[in-house]
Amino acid sequence: MAAGGFINAIGFAQIAGDNPAARAVFAQQMELLARQLTYLLPAPAQLETMAGYLTWRWFGSAVLVYAFWALLAGTGAGRGDEERGLSELWLSTGASRMRLIVARVAGFAAVAAISITLMLAATDIGAATGGEPLPLGPLALEGVAMFVLTLFVFAFALLVAQLVTTRRSATGIAGIVVLALFMLNSAARSGVDVGAIRWLSPFYLFERSIPLLRGGSLDVAGTAALAVGSLVLVAIAVVAFIRRDIGGPLLRGAPRKSRVEWRPAGDPLLRTPVLAIVDQQRVWIVAWALGLGVLAGFLTSITKTTVDAFGNSDIPMLRAYFERAGLNAYADFVGVIWFSTLLLLISLFVIAQVSGWAADDAEGRLEMILSAPVSRPRVVVERIAAVVLASAVVVAVSSLAVYLTATSTGISLPAGRFVFASAAVLPVAYAFSGLGHALVGWRPRVAVAILGALAVIGYFAQQFAPIFQWPEWVSNISLYALYGTPMSKDDWGGIATLIAIGLAGTGIAIAAMRRRDVGR
């Protein structure tokens, strides 16, 4: 996050120009794009200034990262510790349940405060390097607003974890609710009249604070509402944790008598290797496919507006960026922008699967699978093959949405190249899957963090290398660089390298699975 803030501040100084006339043109043309992105980022304001640009582009997206992190941390504190047997261990020492929860909340609050402070400091250093330092007082108030929202999401996830029996369920339910609240605010930003229920969204309360803008301030009412809400949610979570059984949910129905039946499952896919795993995740895969399909259609639908706005730009640095990124026509924009986005999202899809593999190891499901009996190499190969197959479904649906939207808006895409570019995403998914399973075999608990860092660093290296004219080797540290630009030329060497990485990761994963004890 610190690196992201620093680079965004430097990036503004690079592309916005260094005189009022250039800044005014930049703000006008950037606002055309910003108005199309209200589904994701706050409404733009004062984009000719460093503070206005960072409020829109950086802080508006950074808060989503912190909210996602808080959601995972909250379900981990509320249910993940129990799944690993840590809660029972700590309670057996005589620690009270209230002390246990309060300690976890205080620990997260301390780490979040440190992280946000470091991020703000790095952002300010970047702004100062760009010749436009941010005022420290308003910057601190921006951090307060972000911290309170982060703590609210953590408290909400902690409470949801008391209502279910697994961390996976808690993460899914909390994620759906937080996403719905975010989309509620996004709909209001886009002009949909949602009425007073907009106040239910913590993201709306956060965006009411604009301390860095001229004439802006910290919204005391919205910030206080989030702070009080966080305390209330933590208090309810404490009461729920005290009242429920360890390992059980807060609300339990009356036990029912049932008759045991011994019969084979009616679903034939459950008896088919690889397809059995895909079949069990069909709702998850369909949700990803439809979500990416909607995003693909939207990004493609604004291609002409975006390219026309930036292609005729009077800002030299912005024109240079488009040239270095290869954005010279509508088809180029679709090829570069969409597929770079798709690569990151598919990587996140794979990382979510890797998180599931680590959870299977920690929660005993892997032991159950191996007792079937199923060989350890087969588990590795089936898991990776299932992820690649699921990725193929997601890529096919989203690419179809891109092609249909492009055709309907008058953008001509070369069919052969487009199909090849879509298929070339799968070696990237395979490389991440192989590396992910190798990491799970080595250290399950850190696998997701390492793989996630690899994806984020690689993505930003690709995005910022054209702006700052970094050496080619900086871009090449990314796995995405091996994907190349298949919409314009073949790069069989890069694709072969990705497949080789996947094979090497698979081999290491098989060796690690054979040698180590399950659960360690």
# chains A, B, ... in the order shown; residues from 1 in each chain; ligands from 1
call {"tool": "select_by_dssp", "arguments": {"residues": "stretch 365-499 of chain A", "states": "alpha helix (DSSP H)", "output": "MDAnalysis selection string"}}
result
chainID A and resid 365:370 376:408 415:423 425:442 444:468 472:476 479:483 492:499
call {"tool": "residues_around", "arguments": {"residues": "stretch 61-68 of chain A", "least_positions_apart": "2", "cutoff": "9 Å", "atoms": "only C-alpha atoms", "output": "number ranges by chain"}}
result
A: 1, 4-5, 40-42, 56-59, 70-73, 112, 116, 146-147, 149-154, 175, 178, 203
call {"tool": "closest_residue", "arguments": {"among": "A:Met487, A:Ile114, A:Ala3, A:Ala496", "to": "A:Ala431", "atoms": "only C-alpha atoms"}}
result
A:Ala496
call {"tool": "residues_around", "arguments": {"residues": "A:Gly502", "least_positions_apart": "5", "cutoff": "9 Å", "atoms": "only C-alpha atoms", "output": "PyMOL selection string"}}
result
chain A and resi 427-435+497+507
call {"tool": "residues_around", "arguments": {"residues": "A:Gly60", "least_positions_apart": "6", "cutoff": "12 Å", "atoms": "only C-alpha atoms", "output": "NGL selection string"}}
result
:A and (5 or 34 or 37-44 or 52-54 or 66-67 or 142 or 145-146 or 182 or 186 or 203-204 or 206-210)
call {"tool": "residues_around", "arguments": {"residues": "stretch 229-242 of chain A", "least_positions_apart": "5", "cutoff": "7 Å", "atoms": "only C-alpha atoms", "output": "PyMOL selection string"}}
result
chain A and resi 97-98+101+151-152+155-156+158-159+162+250
call {"tool": "residues_around", "arguments": {"residues": "A:Ser201", "least_positions_apart": "2", "cutoff": "8 Å", "atoms": "only C-alpha atoms", "output": "short mmCIF file (atom, residue, chain, number, x, y, z; two decimals) with all heavy atoms, in the first residue's frame"}}
result
data_model
loop_
_atom_site.label_atom_id
_atom_site.label_comp_id
_atom_site.auth_asym_id
_atom_site.auth_seq_id
_atom_site.Cartn_x
_atom_site.Cartn_y
_atom_site.Cartn_z
N LEU A 181 -23.34 -3.61 0.00
CA LEU A 181 -23.31 -2.25 0.54
C LEU A 181 -22.46 -1.33 -0.33
O LEU A 181 -22.79 -0.16 -0.52
CB LEU A 181 -22.76 -2.27 1.97
CG LEU A 181 -23.65 -2.97 3.01
CD1 LEU A 181 -22.93 -3.06 4.36
CD2 LEU A 181 -24.98 -2.25 3.17
N PHE A 182 -21.37 -1.88 -0.88
CA PHE A 182 -20.55 -1.09 -1.78
C PHE A 182 -21.30 -0.76 -3.07
O PHE A 182 -21.27 0.38 -3.55
CB PHE A 182 -19.26 -1.84 -2.11
CG PHE A 182 -18.40 -1.15 -3.13
CD1 PHE A 182 -17.62 -0.06 -2.78
CD2 PHE A 182 -18.38 -1.58 -4.45
CE1 PHE A 182 -16.83 0.59 -3.71
CE2 PHE A 182 -17.59 -0.94 -5.39
CZ PHE A 182 -16.82 0.15 -5.02
N LEU A 184 -24.50 -0.57 -3.39
CA LEU A 184 -25.56 0.38 -3.05
C LEU A 184 -25.04 1.81 -3.19
O LEU A 184 -25.70 2.68 -3.79
CB LEU A 184 -26.05 0.13 -1.63
CG LEU A 184 -27.05 1.14 -1.06
CD1 LEU A 184 -28.36 1.10 -1.82
CD2 LEU A 184 -27.29 0.86 0.43
N ASN A 185 -23.86 2.06 -2.65
CA ASN A 185 -23.25 3.38 -2.76
C ASN A 185 -22.86 3.69 -4.20
O ASN A 185 -23.00 4.82 -4.67
CB ASN A 185 -22.03 3.47 -1.85
CG ASN A 185 -21.41 4.85 -1.83
OD1 ASN A 185 -22.11 5.85 -1.72
ND2 ASN A 185 -20.10 4.92 -1.98
N ILE A 197 -31.69 4.81 2.28
CA ILE A 197 -30.97 3.58 2.62
C ILE A 197 -29.49 3.70 2.25
O ILE A 197 -28.69 2.85 2.64
CB ILE A 197 -31.58 2.36 1.91
CG1 ILE A 197 -31.46 2.48 0.39
CG2 ILE A 197 -33.01 2.15 2.33
CD1 ILE A 197 -31.86 1.21 -0.33
N ARG A 198 -29.13 4.76 1.52
CA ARG A 198 -27.72 4.96 1.21
C ARG A 198 -26.89 5.11 2.47
O ARG A 198 -25.72 4.78 2.50
CB ARG A 198 -27.56 6.20 0.33
CG ARG A 198 -26.15 6.43 -0.18
CD ARG A 198 -26.07 7.64 -1.09
NE ARG A 198 -24.75 7.78 -1.69
CZ ARG A 198 -24.39 8.76 -2.51
NH1 ARG A 198 -25.29 9.69 -2.82
NH2 ARG A 198 -23.19 8.82 -3.02
N TRP A 199 -27.52 5.59 3.55
CA TRP A 199 -26.81 5.77 4.81
C TRP A 199 -26.41 4.43 5.43
O TRP A 199 -25.57 4.40 6.34
CB TRP A 199 -27.68 6.55 5.80
CG TRP A 199 -27.68 8.02 5.53
CD1 TRP A 199 -28.46 8.70 4.63
CD2 TRP A 199 -26.85 8.99 6.15
NE1 TRP A 199 -28.17 10.04 4.66
CE2 TRP A 199 -27.18 10.25 5.59
CE3 TRP A 199 -25.85 8.94 7.12
CZ2 TRP A 199 -26.55 11.43 5.97
CZ3 TRP A 199 -25.22 10.11 7.51
CH2 TRP A 199 -25.58 11.34 6.94
N PHE A 203 -19.41 2.76 3.01
CA PHE A 203 -18.62 3.44 1.98
C PHE A 203 -19.18 4.84 1.70
O PHE A 203 -18.42 5.77 1.40
CB PHE A 203 -18.58 2.60 0.71
CG PHE A 203 -17.94 1.26 0.91
CD1 PHE A 203 -18.71 0.13 1.14
CD2 PHE A 203 -16.56 1.12 0.89
CE1 PHE A 203 -18.12 -1.11 1.35
CE2 PHE A 203 -15.96 -0.11 1.09
CZ PHE A 203 -16.74 -1.22 1.32
N TYR A 204 -20.49 5.00 1.80
CA TYR A 204 -21.09 6.32 1.65
C TYR A 204 -20.65 7.23 2.80
O TYR A 204 -20.30 8.40 2.59
CB TYR A 204 -22.60 6.22 1.61
CG TYR A 204 -23.31 7.54 1.70
CD1 TYR A 204 -23.21 8.48 0.69
CD2 TYR A 204 -24.06 7.86 2.83
CE1 TYR A 204 -23.85 9.71 0.78
CE2 TYR A 204 -24.70 9.08 2.94
CZ TYR A 204 -24.59 10.01 1.91
OH TYR A 204 -25.21 11.22 2.02
N LEU A 205 -20.66 6.69 4.01
CA LEU A 205 -20.24 7.48 5.17
C LEU A 205 -18.77 7.88 5.06
O LEU A 205 -18.39 8.99 5.44
CB LEU A 205 -20.48 6.69 6.46
CG LEU A 205 -21.95 6.30 6.74
CD1 LEU A 205 -22.04 5.47 8.00
CD2 LEU A 205 -22.81 7.55 6.86
#
call {"tool": "atom_distance", "arguments": {"atom1": "atom CA of A:Leu400", "atom2": "atom CA of A:Ser412"}}
result
13.9 Å
call {"tool": "closest_residue", "arguments": {"among": "A:Leu269, A:Ala22, A:Ala9, A:Leu295", "to": "A:Met119", "atoms": "only C-alpha atoms"}}
result
A:Ala9
call {"tool": "residues_around", "arguments": {"residues": "A:Asp267", "least_positions_apart": "3", "cutoff": "10 Å", "atoms": "only C-alpha atoms", "output": "MDAnalysis selection string"}}
result
chainID A and resid 264 270:272 276 279
call {"tool": "atom_distance", "arguments": {"atom1": "atom CA of A:Ile351", "atom2": "atom CA of A:Val448"}}
result
6.3 Å
call {"tool": "atom_distance", "arguments": {"atom1": "atom CA of A:Glu261", "atom2": "atom CA of A:Leu370"}}
result
23.9 Å
call {"tool": "closest_residue", "arguments": {"among": "A:Ser347, A:Ser391, A:Thr405, A:Ser375", "to": "A:Val294", "atoms": "only C-alpha atoms"}}
result
A:Thr405
